[in-house]
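Reproduced below: run33.cif, with mmCIF, C-alpha atoms.
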```
data_protein
loop_
_atom_site.label_atom_id
_atom_site.label_comp_id
_atom_site.auth_asym_id
_atom_site.auth_seq_id
_atom_site.Cartn_x
_atom_site.Cartn_y
_atom_site.Cartn_z
CA MET A 1 0.00 0.00 0.00
CA ARG A 2 1.39 3.39 -0.96
CA LEU A 3 0.55 6.39 1.21
CA LEU A 4 1.00 9.91 -0.08
CA VAL A 5 1.06 13.06 2.06
CA THR A 6 1.54 16.55 0.21
CA GLY A 7 3.65 14.70 -2.41
CA ILE A 8 5.65 12.58 0.07
CA GLY A 9 5.55 8.74 -0.19
CA ALA A 10 5.67 6.07 2.72
CA ALA A 11 8.69 4.42 4.43
CA ALA A 12 9.63 1.34 6.55
CA MET A 13 11.78 0.78 9.57
CA LEU A 14 15.46 -0.21 9.52
CA VAL A 15 18.19 0.27 12.12
CA PHE A 16 20.31 3.41 11.85
CA THR A 17 24.02 3.09 12.65
CA GLY A 18 27.20 5.06 12.03
CA VAL A 19 29.56 7.45 13.76
CA ALA A 20 27.91 10.87 13.82
CA ALA A 21 29.29 14.37 13.88
CA SER A 22 27.93 17.05 16.17
CA ALA A 23 24.28 17.69 15.38
CA THR A 24 22.65 20.82 14.04
CA SER A 25 19.35 21.47 15.84
CA TYR A 26 16.18 23.18 14.72
CA ASP A 27 13.17 23.91 16.92
CA ASP A 28 9.53 23.83 15.91
CA ALA A 29 7.02 25.56 18.16
CA VAL A 30 5.59 23.07 20.64
CA GLY A 31 1.80 23.14 20.84
CA ASP A 32 1.16 24.15 17.22
CA ALA A 33 -0.03 20.69 16.19
CA ASN A 34 -3.49 20.31 14.73
CA THR A 35 -5.16 18.76 17.79
CA PRO A 36 -8.84 19.82 18.07
CA ALA A 37 -10.74 20.69 21.22
CA ASP A 38 -11.61 17.43 23.00
CA LEU A 39 -15.33 17.50 23.82
CA SER A 40 -16.20 16.29 27.32
CA VAL A 41 -19.62 17.50 28.60
CA ILE A 42 -22.56 19.07 26.71
CA THR A 43 -25.43 20.59 28.64
CA ALA A 44 -28.66 21.90 27.09
CA SER A 45 -31.52 23.79 28.73
CA GLU A 46 -34.28 26.28 27.89
CA SER A 47 -34.96 29.62 29.56
CA GLY A 48 -37.03 32.65 28.60
CA GLY A 49 -37.61 31.51 25.04
CA SER A 50 -33.93 30.75 24.39
CA VAL A 51 -31.93 27.56 24.06
CA LEU A 52 -28.87 27.52 26.32
CA VAL A 53 -26.02 25.17 25.46
CA ALA A 54 -22.76 24.73 27.37
CA VAL A 55 -19.91 22.75 25.77
CA ASP A 56 -16.95 21.81 27.97
CA VAL A 57 -13.63 20.72 26.42
CA ALA A 58 -10.93 18.77 28.22
CA ASN A 59 -7.69 19.98 26.67
CA PHE A 60 -7.85 23.75 26.07
CA ARG A 61 -8.71 26.71 28.30
CA ALA A 62 -8.87 28.93 25.20
CA LEU A 63 -9.72 27.79 21.69
CA PRO A 64 -6.62 27.56 19.44
CA ALA A 65 -6.55 29.58 16.23
CA SER A 66 -8.31 27.98 13.24
CA SER A 67 -10.61 26.06 15.63
CA SER A 68 -14.39 26.04 15.69
CA LEU A 69 -17.30 24.47 17.55
CA THR A 70 -20.39 23.73 15.45
CA LEU A 71 -23.78 22.89 16.96
CA TRP A 72 -26.17 21.01 14.65
CA PHE A 73 -29.87 21.06 15.55
CA ASP A 74 -32.64 18.69 14.53
CA THR A 75 -35.11 21.41 15.47
CA ASP A 76 -38.27 19.27 15.30
CA ALA A 77 -36.73 16.02 16.63
CA ASN A 78 -37.78 14.39 13.34
CA PRO A 79 -35.01 12.67 11.35
CA GLY A 80 -37.25 12.60 8.28
CA THR A 81 -37.18 16.37 7.80
CA GLY A 82 -34.37 18.81 7.03
CA ASN A 83 -31.18 17.84 5.25
CA ALA A 84 -30.03 14.28 4.55
CA ASP A 85 -29.07 13.90 8.22
CA GLY A 86 -32.40 15.28 9.48
CA ARG A 87 -31.01 18.62 10.67
CA GLU A 88 -32.52 22.06 10.13
CA ALA A 89 -30.07 24.49 11.77
CA LEU A 90 -26.44 24.93 12.69
CA VAL A 91 -24.62 27.52 14.76
CA ARG A 92 -20.86 27.82 14.32
CA TYR A 93 -18.59 29.52 16.85
CA GLY A 94 -15.07 30.37 15.67
CA ALA A 95 -11.94 30.81 17.78
CA ASP A 96 -11.95 34.47 16.73
CA GLY A 97 -15.38 34.94 18.35
CA THR A 98 -17.40 34.98 15.12
CA ILE A 99 -20.86 33.39 15.09
CA GLY A 100 -22.38 31.86 11.97
CA LEU A 101 -25.92 30.59 11.41
CA GLN A 102 -27.40 28.39 8.71
CA LEU A 103 -31.06 27.39 8.44
CA TRP A 104 -32.85 24.83 6.26
CA SER A 105 -34.66 26.52 3.38
CA GLY A 106 -36.58 23.44 2.29
CA THR A 107 -33.90 22.45 -0.20
CA GLN A 108 -30.60 23.39 1.43
CA LEU A 109 -28.93 25.07 4.39
CA VAL A 110 -28.43 28.78 3.75
CA ASP A 111 -26.61 31.52 5.65
CA ARG A 112 -28.76 33.71 7.88
CA PRO A 113 -27.93 36.62 10.21
CA PRO A 114 -27.36 35.23 13.76
CA ALA A 115 -30.05 37.51 15.20
CA GLY A 116 -30.15 37.36 18.98
CA ILE A 117 -27.51 34.62 19.25
CA SER A 118 -24.68 35.20 21.71
CA ALA A 119 -21.71 32.98 22.49
CA SER A 120 -18.35 33.09 24.25
CA PHE A 121 -15.55 30.68 25.12
CA ALA A 122 -13.69 30.99 28.41
CA ASP A 123 -11.88 28.64 30.78
CA GLY A 124 -12.55 25.59 28.60
CA ARG A 125 -16.29 26.18 28.09
CA LEU A 126 -18.43 27.44 25.23
CA SER A 127 -21.58 29.20 26.48
CA LEU A 128 -24.22 29.78 23.80
CA SER A 129 -27.67 31.33 23.93
CA ALA A 130 -29.97 31.31 20.88
CA PRO A 131 -33.64 32.37 20.62
CA MET A 132 -35.82 29.35 19.92
CA SER A 133 -37.68 31.43 17.34
CA THR A 134 -34.44 32.12 15.45
CA LEU A 135 -33.58 28.42 15.25
CA GLY A 136 -37.16 27.31 14.61
CA ILE A 137 -37.41 25.20 17.79
CA ALA A 138 -40.85 24.71 19.32
CA GLY A 139 -40.13 21.97 21.88
CA SER A 140 -37.89 18.92 21.88
CA PHE A 141 -34.87 18.81 19.57
CA GLY A 142 -31.77 16.79 18.73
CA LEU A 143 -28.21 18.16 19.06
CA LEU A 144 -24.81 17.22 17.65
CA VAL A 145 -21.59 19.08 18.48
CA VAL A 146 -18.54 19.03 16.21
CA SER A 147 -15.12 20.37 17.25
CA ALA A 148 -12.80 21.10 14.32
CA ARG A 149 -9.30 22.47 13.81
CA GLU A 150 -7.72 23.29 10.45
CA GLN A 151 -4.08 23.47 9.40
CA PRO A 152 -2.57 24.18 5.96
CA ALA A 153 -0.08 21.59 4.67
CA GLY A 154 1.55 22.06 1.28
CA ASN A 155 -1.14 22.98 -1.21
CA GLY A 156 -3.88 21.37 0.86
CA GLU A 157 -5.47 21.57 4.27
CA PHE A 158 -6.04 19.06 7.05
CA VAL A 159 -9.04 19.14 9.37
CA SER A 160 -9.04 17.20 12.66
CA LEU A 161 -12.29 16.53 14.54
CA ASP A 162 -14.07 15.45 17.68
CA VAL A 163 -17.79 14.68 17.56
CA ALA A 164 -20.35 14.22 20.36
CA PRO A 165 -22.27 12.05 20.54
CA ASP A 166 -20.24 9.49 18.58
CA ALA A 167 -23.41 8.24 16.90
CA GLY A 168 -26.85 9.76 16.48
CA LEU A 169 -27.94 12.94 18.28
CA MET A 170 -28.26 14.08 21.87
CA SER A 171 -31.99 14.26 22.59
CA TYR A 172 -33.40 17.22 24.51
CA PRO A 173 -37.02 16.68 25.65
CA GLY A 174 -38.01 20.35 25.66
CA SER A 175 -37.77 21.06 29.38
CA GLY A 176 -35.33 20.73 32.25
CA ILE A 177 -31.64 20.10 31.69
CA GLY A 178 -30.16 17.60 29.26
CA THR A 179 -26.57 16.40 29.72
CA LEU A 180 -24.26 14.35 27.49
CA ARG A 181 -20.83 13.13 28.59
CA ASP A 182 -18.39 12.40 25.78
CA ALA A 183 -15.34 10.20 26.34
CA THR A 184 -12.22 12.35 26.62
CA GLY A 185 -9.21 11.36 24.56
CA ASP A 186 -11.33 10.22 21.60
CA HIS A 187 -10.52 13.27 19.47
CA GLU A 188 -8.21 13.13 16.45
CA SER A 189 -4.90 13.80 18.19
CA ALA A 190 -2.16 15.34 16.06
CA PRO A 191 1.58 14.72 16.44
CA ASP A 192 3.34 17.80 17.79
CA LEU A 193 6.80 18.31 16.28
CA GLY A 194 9.48 19.62 18.64
CA ASN A 195 13.26 19.59 18.21
CA VAL A 196 14.75 18.33 14.93
CA ALA A 197 18.46 17.39 15.06
CA VAL A 198 20.56 16.60 11.97
CA ASN A 199 24.04 15.16 11.64
CA ASP A 200 26.09 13.31 9.05
CA SER A 201 28.70 10.60 9.60
CA PRO A 202 31.94 9.69 7.79
CA ASP A 203 30.29 6.60 6.29
CA GLY A 204 27.91 8.82 4.31
CA TRP A 205 24.73 8.43 6.37
CA VAL A 206 22.71 11.48 7.31
CA SER A 207 20.52 11.25 10.43
CA VAL A 208 17.42 13.37 11.01
CA ALA A 209 16.13 12.89 14.57
CA ILE A 210 12.58 14.24 14.92
CA GLY A 211 11.20 14.88 18.39
CA ILE A 212 7.45 14.36 18.94
CA PRO A 213 6.84 15.28 22.61
CA ASN A 214 3.24 14.02 22.67
CA ALA A 215 3.92 10.71 20.88
CA ALA A 216 3.04 8.63 23.95
CA ALA A 217 -0.40 10.27 24.12
CA LEU A 218 -1.27 9.51 20.50
CA PRO A 219 -3.68 6.62 19.83
CA ARG A 220 -1.47 5.38 16.97
CA ALA A 221 2.10 5.80 15.78
CA PRO A 222 2.30 8.94 13.61
CA LEU A 223 3.20 9.11 9.96
CA VAL A 224 6.40 11.10 9.53
CA GLY A 225 7.52 12.48 6.18
CA ILE A 226 10.67 14.32 5.11
CA SER A 227 10.70 16.43 1.96
CA VAL A 228 14.26 17.12 0.72
CA ASP A 229 15.68 19.85 -1.51
CA ALA A 230 18.61 17.58 -2.33
CA ASP A 231 20.48 19.92 -4.70
CA ASP A 232 19.93 23.04 -2.57
CA ASP A 233 18.25 24.69 -5.55
CA ALA A 234 14.71 26.01 -5.13
CA ARG A 235 14.34 26.24 -8.92
CA THR A 236 14.37 22.46 -9.40
CA GLY A 237 12.03 19.70 -8.27
CA ASP A 238 8.49 20.08 -6.98
CA SER A 239 8.56 23.54 -5.37
CA GLY A 240 12.21 22.82 -4.59
CA ALA A 241 11.76 19.25 -3.29
CA ASP A 242 13.63 16.48 -5.12
CA LEU A 243 13.38 13.53 -2.72
CA ALA A 244 10.60 12.44 -0.36
CA ILE A 245 10.68 9.82 2.39
CA THR A 246 7.82 8.73 4.66
CA THR A 247 7.66 6.31 7.58
CA LEU A 248 4.48 4.69 8.85
CA GLY A 249 4.57 1.53 10.91
CA ASP A 250 6.55 -1.07 8.97
CA GLU A 251 6.06 0.63 5.58
CA ILE A 252 8.82 2.51 3.79
CA VAL A 253 8.51 4.40 0.52
CA ALA A 254 10.90 6.87 -1.09
CA ASP A 255 9.96 8.95 -4.12
CA ARG A 256 12.02 11.15 -6.40
CA TRP A 257 10.77 14.03 -8.51
CA SER A 258 10.97 13.40 -12.26
CA GLU A 259 11.43 16.60 -14.19
CA ARG A 260 10.63 14.82 -17.44
CA ALA A 261 7.37 13.29 -16.15
CA LYS A 262 6.58 16.27 -13.89
CA SER A 263 5.56 13.83 -11.15
CA TRP A 264 6.89 11.79 -8.23
CA VAL A 265 8.16 8.30 -9.06
CA PRO A 266 9.12 5.47 -6.67
CA VAL A 267 12.78 4.87 -5.82
CA ASP A 268 13.62 1.17 -5.82
CA ASN A 269 16.10 -0.02 -3.17
CA ALA A 270 16.51 3.48 -1.78
CA ARG A 271 19.22 3.80 0.89
CA VAL A 272 16.97 5.08 3.66
CA ARG A 273 16.21 3.73 7.13
CA VAL A 274 14.32 4.64 10.27
CA THR A 275 14.22 3.82 13.96
CA ARG A 276 11.57 4.83 16.48
CA SER A 277 11.72 5.38 20.20
CA ASN A 278 9.27 6.85 22.66
CA GLY A 279 8.98 10.50 21.71
CA SER A 280 11.14 10.52 18.56
CA VAL A 281 11.58 9.18 15.05
CA THR A 282 15.04 9.06 13.47
CA VAL A 283 15.25 8.85 9.69
CA GLY A 284 18.51 8.01 7.95
CA VAL A 285 19.28 8.70 4.30
CA HIS A 286 22.60 7.97 2.60
CA SER A 287 24.32 10.90 0.97
CA THR A 288 24.32 9.07 -2.38
CA GLU A 289 20.55 9.64 -2.46
CA LEU A 290 21.07 13.39 -1.98
CA GLY A 291 23.29 14.23 -4.95
CA ALA A 292 26.64 16.00 -4.74
CA SER A 293 25.69 19.39 -3.29
CA PRO A 294 27.56 20.31 -0.07
CA ARG A 295 24.25 21.51 1.41
CA PHE A 296 20.61 20.44 1.31
CA GLY A 297 17.24 21.66 2.52
CA PHE A 298 14.53 19.65 4.23
CA ALA A 299 11.07 19.97 5.77
CA VAL A 300 9.28 17.62 8.17
CA LEU A 301 5.62 16.64 8.36
CA ALA A 302 3.96 14.51 11.07
CA ALA A 303 0.37 13.35 10.65
CA GLY A 304 -2.15 11.47 12.74
CA VAL A 305 -3.60 8.43 11.01
CA ILE A 306 -7.06 6.92 11.32
CA GLY A 307 -7.63 4.00 8.94
CA ASN A 308 -6.36 5.16 5.57
CA SER A 309 -7.07 8.82 6.30
CA PHE A 310 -4.80 11.53 7.63
CA THR A 311 -6.17 13.79 10.35
CA GLY A 312 -4.24 16.40 12.31
CA VAL A 313 -0.82 17.39 11.08
CA ASP A 314 2.14 19.48 12.17
CA VAL A 315 4.75 20.80 9.76
CA ALA A 316 8.21 22.28 10.28
CA PRO A 317 9.64 24.73 9.61
CA ASP A 318 6.87 27.27 10.02
CA GLY A 319 6.88 30.14 7.53
CA THR A 320 9.77 29.04 5.29
CA PRO A 321 9.97 26.11 2.87
CA PHE A 322 13.05 24.33 4.26
CA TYR A 323 15.62 24.08 7.00
CA ARG A 324 19.17 24.17 5.57
CA TYR A 325 21.99 21.80 6.53
CA ALA A 326 25.65 21.82 5.41
CA PHE A 327 27.57 18.53 5.43
CA GLN A 328 30.25 18.20 8.12
CA ASN A 329 31.98 14.98 7.01
CA ARG A 330 31.52 14.85 3.30
CA PRO A 331 34.48 14.85 0.88
CA ARG A 332 34.10 17.11 -2.13
CA VAL A 333 32.19 15.36 -4.90
CA ARG A 334 33.10 16.12 -8.50
CA ILE A 335 31.41 15.42 -11.80
CA VAL A 336 33.93 13.69 -14.04
CA ALA A 337 33.62 13.99 -17.82
CA GLY A 338 34.71 11.34 -20.28
CA ARG A 339 36.02 11.82 -23.82
CA VAL A 340 34.24 14.47 -25.88
CA ALA A 341 32.61 13.05 -29.00
CA THR A 342 30.49 14.46 -31.81
CA THR A 343 27.32 13.32 -33.54
CA PRO A 344 27.79 12.69 -36.40
CA ALA A 345 31.30 11.38 -35.80
CA ARG A 346 32.57 13.37 -38.79
CA PRO A 347 31.25 16.93 -38.57
CA ARG A 348 30.27 18.46 -41.90
CA PRO A 349 29.79 22.21 -42.49
CA GLY A 350 26.21 23.12 -43.31
CA ARG A 351 24.77 20.45 -41.05
CA ARG A 352 23.66 20.22 -37.45
CA LEU A 353 26.23 19.02 -34.94
CA ALA A 354 25.99 17.73 -31.34
CA VAL A 355 29.02 17.74 -29.05
CA GLY A 356 28.87 15.80 -25.81
CA ALA A 357 30.51 13.60 -23.20
CA ARG A 358 29.43 11.01 -20.69
CA VAL A 359 29.70 12.10 -17.05
CA THR A 360 29.96 10.28 -13.72
CA ARG A 361 30.13 11.17 -10.03
CA SER A 362 33.54 10.90 -8.38
CA ASP A 363 32.10 9.24 -5.25
CA THR A 364 29.97 6.50 -6.80
CA GLY A 365 31.06 6.24 -10.43
CA ALA A 366 27.40 6.47 -11.41
CA ALA A 367 25.87 9.04 -13.71
CA PRO A 368 24.04 11.96 -12.05
CA ARG A 369 20.29 11.38 -11.96
CA SER A 370 19.43 14.71 -13.52
CA GLY A 371 21.14 17.82 -14.80
CA ALA A 372 20.86 21.05 -16.75
CA VAL A 373 23.22 22.11 -19.56
CA THR A 374 24.24 25.57 -20.69
CA CYS A 375 26.12 25.92 -23.98
CA ARG A 376 28.92 28.34 -24.76
CA VAL A 377 29.80 27.92 -28.44
CA ALA A 378 31.97 29.96 -30.79
CA ILE A 379 32.33 29.27 -34.52
CA ASP A 380 35.37 30.93 -36.09
CA GLY A 381 35.49 33.23 -33.06
CA LYS A 382 31.82 34.27 -33.22
CA ARG A 383 29.33 33.32 -30.50
CA THR A 384 26.66 30.87 -31.64
CA ALA A 385 23.50 29.70 -29.89
CA GLY A 386 23.41 26.06 -28.80
CA VAL A 387 20.79 23.79 -27.25
CA GLY A 388 21.88 21.96 -24.11
CA LEU A 389 20.68 18.52 -23.08
CA TYR A 390 21.41 16.06 -20.28
CA ALA A 391 20.02 12.57 -20.77
CA GLY A 392 21.19 9.04 -20.08
CA GLY A 393 24.35 10.19 -18.32
CA ARG A 394 25.47 12.31 -21.27
CA ALA A 395 25.76 16.12 -21.42
CA SER A 396 25.66 17.65 -24.87
CA CYS A 397 25.23 20.83 -26.90
CA ALA A 398 23.64 20.91 -30.36
CA PHE A 399 23.99 23.70 -32.93
CA GLY A 400 24.08 24.33 -36.66
CA LEU A 401 27.41 24.53 -38.58
CA PRO A 402 27.65 27.16 -41.32
CA ARG A 403 29.14 25.94 -44.59
CA SER A 404 32.07 28.26 -44.05
CA ALA A 405 32.89 26.90 -40.56
CA ARG A 406 36.55 26.10 -40.02
CA ARG A 407 36.91 25.92 -36.25
CA VAL A 408 34.41 25.32 -33.45
CA SER A 409 35.25 25.75 -29.77
CA GLY A 410 33.24 26.08 -26.60
CA THR A 411 32.26 24.74 -23.22
CA ILE A 412 29.46 22.43 -22.09
CA VAL A 413 28.47 23.69 -18.64
CA LEU A 414 26.63 21.01 -16.66
CA ARG A 415 24.92 21.50 -13.30
CA ALA A 416 24.04 18.10 -11.87
CA ASP A 417 23.38 16.89 -8.34
CA GLY A 418 24.21 20.34 -7.00
CA VAL A 419 27.66 20.53 -8.64
CA THR A 420 28.70 22.57 -11.70
CA THR A 421 31.34 21.27 -14.08
CA SER A 422 32.70 22.67 -17.37
CA ILE A 423 33.59 20.44 -20.33
CA PRO A 424 35.70 22.28 -22.98
CA PHE A 425 35.80 21.19 -26.62
CA SER A 426 37.51 22.23 -29.87
CA ILE A 427 36.62 20.85 -33.33
CA ARG A 428 37.74 21.41 -36.91
CA PRO A 429 34.92 20.44 -39.30
CA ARG A 430 36.01 18.60 -42.41
#
```
With the file now loaded, output its structure as structure tokens.
Amino acid sequence: MRLLVTGIGAAAMLVFTGVAASATSYDDAVGDANTPADLSVITASESGGSVLVAVDVANFRALPASSSLTLWFDTDANPGTGNADGREALVRYGADGTIGLQLWSGTQLVDRPPAGISASFADGRLSLSAPMSTLGIAGSFGLLVVSAREQPAGNGEFVSLDVAPDAGLMSYPGSGIGTLRDATGDHESAPDLGNVAVNDSPDGWVSVAIGIPNAAALPRAPLVGISVDADDDARTGDSGADLAITTLGDEIVADRWSERAKSWVPVDNARVRVTRSNGSVTVGVHSTELGASPRFGFAVLAAGVIGNSFTGVDVAPDGTPFYRYAFQNRPRVRIVAGRVATTPARPRPGRRLAVGARVTRSDTGAAPRSGAVTCRVAIDGKRTAGVGLYAGGRASCAFGLPRSARRVSGTIVLRADGVTTSIPFSIRPR
């Protein structure tokens, strides 16, 4: 099963070893995870022609930003009327103090002015008063309360929830006081990222240790993803990201951005590994997966998981795309060019000519995975435009040869895996 979160694939657990250098640490704000208000007690009553509802939450004294409490009313206690769920009214209270009202029009719920409705949240309790005439309540009614918290992640948004009651509606008989107790701890808890420490070892492994202070309180192990700007170049990849690794339970998936396909593709036999302990997840990735750049960027995402769905999330860093890390133990990697050759093998004036060479990395002997070529070409001392291409481990420049051409010289400039190399050439067409 492949799991994808904001373009990041899934990953499995292996043991991380190696002698590490001193770590570089980054801190994410503790408490900014997407955990919603945990509903505990709901009390309903009627007084002076108004419905009074109190909603107590177990985990917050003040509602976090981007949170809301929504009260759904089956105003006539008849599941056969209203919308598909039998409800005719909702009142939404936002963390910023705003109050919204929607009423059933006969075909749909539509926005209405919240006339006469007042609400406030203080010391862990929402207190709401709404005229029965405004909601359309004449006597008994049903009530459902939904706690929600939203958090942006990549180009999307995650919403975590708590609902009371867990099934059906709380029934209020139309007089006296009705009380519902919801189990605490049944909300969609979100992992809360804390300290992130990075180091690299002489054997080429890079360790990213991710602290999750509330891991022990989560109902399930969190999904943790790392998005990597491997070549330290924001102009390449998917919004700068070239490599993605995700861990979830015993699953492991690595994906690499394909510039040609404009999509993420799986990496077979990727050199990545992960170990978990109480309160942290440590992901290891070998430097050969990161290219040859002396520095890389990375971002971390932790998500709560329920079934095959992702609930609350926390992302780091906040406000910028990536943390930046410079290698401490890495020898300088070069791109090595082979013999320059032409296509066709015998250049002829008046025809198109391609000049190129195969290239390899000095550390692995393998060709760079991707690259960009700039051409600097002069024909008989005059600059000429060329088209650069990197494909199949070969960097080349193509251009047209005038019939009068006697000497061609230039440089193939290749930027691959974060390293720039220049390949000079000189040709005399026959």
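When all atoms listed in the file are used to compute distances to Val274 of chain A, the closest of the residues A:Thr184, A:Ser227, A:Asn59, A:Thr247 turns out to be A:Thr247.
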Long-range neighbours of Ala44 of chain A as a CSV table (one decimal) with C-alpha atoms, in the coordinates of the input, 8 Å cut-off, only C-alpha atoms, 4 positions minimum in chain:
```csv
chain,number,residue,atom,x,y,z
A,51,VAL,CA,-31.9,27.6,24.1
A,52,LEU,CA,-28.9,27.5,26.3
A,53,VAL,CA,-26.0,25.2,25.5
A,54,ALA,CA,-22.8,24.7,27.4
A,172,TYR,CA,-33.4,17.2,24.5
A,177,ILE,CA,-31.6,20.1,31.7
A,178,GLY,CA,-30.2,17.6,29.3
A,179,THR,CA,-26.6,16.4,29.7
```
Run the PyMOL selection byres ((chain A and resi 144) around 12) against the file shown and list the residues it catches, as a ChimeraX atom specification. /A:39,42-44,53,55,69-75,85-92,141-143,145-147,162-172,180,182
Pick out the residues sitting within 6 Å of segment 317-327 of chain A, and hand them over as a PyMOL selection string; count only C-alpha atoms, and ignore anything fewer than 4 positions along from it in its own chain. chain A and resi 294-299
Mind writing the picked residues with C-alpha atoms as a short mmCIF file (atom, residue, chain, number, x, y, z; two decimals), in the frame of the given file?
```cif
data_model
loop_
_atom_site.label_atom_id
_atom_site.label_comp_id
_atom_site.auth_asym_id
_atom_site.auth_seq_id
_atom_site.Cartn_x
_atom_site.Cartn_y
_atom_site.Cartn_z
CA PRO A 294 27.56 20.31 -0.07
CA ARG A 295 24.25 21.51 1.41
CA PHE A 296 20.61 20.44 1.31
CA GLY A 297 17.24 21.66 2.52
CA PHE A 298 14.53 19.65 4.23
CA ALA A 299 11.07 19.97 5.77
#
```
Could you tell me how far atom CA of Ile212 of chain A lies from atom CA of Val196 of chain A, in Å and to one decimal?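 Atom CA of Val196 of chain A lies at a distance of 9.2 Å from atom CA of Ile212 of chain A.
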When you count all atoms listed in the file, which of these residues is closest to Thr288 of chain A: A:Thr343, A:Asn78, A:Asn34, A:Thr364?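 Closest candidate: A:Thr364.
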For the structure shown, which residues end up in the PyMOL selection byres ((chain A and resi 192) around 8)? Put them as a list of chain:residue names, please? A:Val30, A:Gly31, A:Asp32, A:Ala33, A:Asn34, A:Ala190, A:Pro191, A:Leu193, A:Gly194, A:Ile212, A:Pro213, A:Asn214, A:Ala215, A:Ala302, A:Val313, A:Asp314
Under the PyMOL selection byres ((chain A and resi 204) around 9), which residues of this model are included? Write them out as a PyMOL selection string. chain A and resi 18+200-203+205-206+285-288+329-330
I'd like the neighbourhood of Val355 of chain A as an mmCIF file with C-alpha atoms, keeping the file's coordinate frame, where a residue qualifies if any of its atoms comes within 10 Å (using all atoms listed in the file), though same-chain residues fewer than 4 positions away should be ignored.
```
data_model
loop_
_atom_site.group_PDB
_atom_site.id
_atom_site.type_symbol
_atom_site.label_atom_id
_atom_site.label_comp_id
_atom_site.auth_asym_id
_atom_site.auth_seq_id
_atom_site.Cartn_x
_atom_site.Cartn_y
_atom_site.Cartn_z
ATOM 1 C CA VAL A 340 34.240 14.470 -25.880
ATOM 2 C CA ALA A 341 32.610 13.050 -29.000
ATOM 3 C CA THR A 342 30.490 14.460 -31.810
ATOM 4 C CA THR A 343 27.320 13.320 -33.540
ATOM 5 C CA PRO A 344 27.790 12.690 -36.400
ATOM 6 C CA ALA A 345 31.300 11.380 -35.800
ATOM 7 C CA PRO A 347 31.250 16.930 -38.570
ATOM 8 C CA GLY A 388 21.880 21.960 -24.110
ATOM 9 C CA ALA A 395 25.760 16.120 -21.420
ATOM 10 C CA SER A 396 25.660 17.650 -24.870
ATOM 11 C CA CYS A 397 25.230 20.830 -26.900
ATOM 12 C CA ALA A 398 23.640 20.910 -30.360
ATOM 13 C CA PHE A 399 23.990 23.700 -32.930
ATOM 14 C CA GLY A 410 33.240 26.080 -26.600
ATOM 15 C CA THR A 411 32.260 24.740 -23.220
ATOM 16 C CA ILE A 412 29.460 22.430 -22.090
ATOM 17 C CA PHE A 425 35.800 21.190 -26.620
ATOM 18 C CA SER A 426 37.510 22.230 -29.870
ATOM 19 C CA ILE A 427 36.620 20.850 -33.330
#
```
Which is closest to Gly381 of chain A among A:Ala230, A:Ala405, A:Ile335, A:Val265, if we use all atoms listed in the file?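 Ranked by minimum distance to Gly381 of chain A, first place goes to A:Ala405.
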Of the residues A:Ala183, A:Ala254, A:Val373, A:Val333, which is the one nearest to Ser40 of chain A, using only C-alpha atoms?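 Among the listed residues, the smallest separation from Ser40 of chain A belongs to A:Ala183.
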When distances are computed from all atoms listed in the file, which of A:Ser140, A:Ala372, A:Gly211, A:Ala292 shows the smallest separation from Arg276 of chain A?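 Looking at the shortest contact to Arg276 of chain A, the residue is A:Gly211.
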Where atoms are lacking, segment 237-246 of chain A completed to N, CA and C atoms, as a PDB file, in the frame of the given file:
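What landed in out_20.pdb:
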```
ATOM      1  N   GLY A 237      12.921  20.551  -9.038  1.00  0.00           N
ATOM      2  CA  GLY A 237      12.030  19.700  -8.270  1.00  0.00           C
ATOM      3  C   GLY A 237      10.615  20.222  -8.185  1.00  0.00           C
ATOM      4  N   ASP A 238       9.882  19.693  -7.227  1.00  0.00           N
ATOM      5  CA  ASP A 238       8.490  20.080  -6.980  1.00  0.00           C
ATOM      6  C   ASP A 238       8.505  21.141  -5.890  1.00  0.00           C
ATOM      7  N   SER A 239       8.429  22.411  -6.296  1.00  0.00           N
ATOM      8  CA  SER A 239       8.560  23.540  -5.370  1.00  0.00           C
ATOM      9  C   SER A 239       9.847  23.439  -4.566  1.00  0.00           C
ATOM     10  N   GLY A 240      10.898  22.947  -5.214  1.00  0.00           N
ATOM     11  CA  GLY A 240      12.210  22.820  -4.590  1.00  0.00           C
ATOM     12  C   GLY A 240      12.525  21.433  -4.090  1.00  0.00           C
ATOM     13  N   ALA A 241      11.528  20.588  -3.843  1.00  0.00           N
ATOM     14  CA  ALA A 241      11.760  19.250  -3.290  1.00  0.00           C
ATOM     15  C   ALA A 241      12.101  18.261  -4.396  1.00  0.00           C
ATOM     16  N   ASP A 242      13.177  17.469  -4.149  1.00  0.00           N
ATOM     17  CA  ASP A 242      13.630  16.480  -5.120  1.00  0.00           C
ATOM     18  C   ASP A 242      13.436  15.050  -4.633  1.00  0.00           C
ATOM     19  N   LEU A 243      13.468  14.861  -3.317  1.00  0.00           N
ATOM     20  CA  LEU A 243      13.380  13.530  -2.720  1.00  0.00           C
ATOM     21  C   LEU A 243      12.377  13.578  -1.573  1.00  0.00           C
ATOM     22  N   ALA A 244      11.599  12.509  -1.421  1.00  0.00           N
ATOM     23  CA  ALA A 244      10.600  12.440  -0.360  1.00  0.00           C
ATOM     24  C   ALA A 244      10.642  11.070   0.290  1.00  0.00           C
ATOM     25  N   ILE A 245      10.622  11.062   1.626  1.00  0.00           N
ATOM     26  CA  ILE A 245      10.680   9.820   2.390  1.00  0.00           C
ATOM     27  C   ILE A 245       9.576   9.883   3.439  1.00  0.00           C
ATOM     28  N   THR A 246       8.842   8.768   3.629  1.00  0.00           N
ATOM     29  CA  THR A 246       7.820   8.730   4.660  1.00  0.00           C
ATOM     30  C   THR A 246       7.894   7.442   5.436  1.00  0.00           C
TER      31      THR A 246
END
```
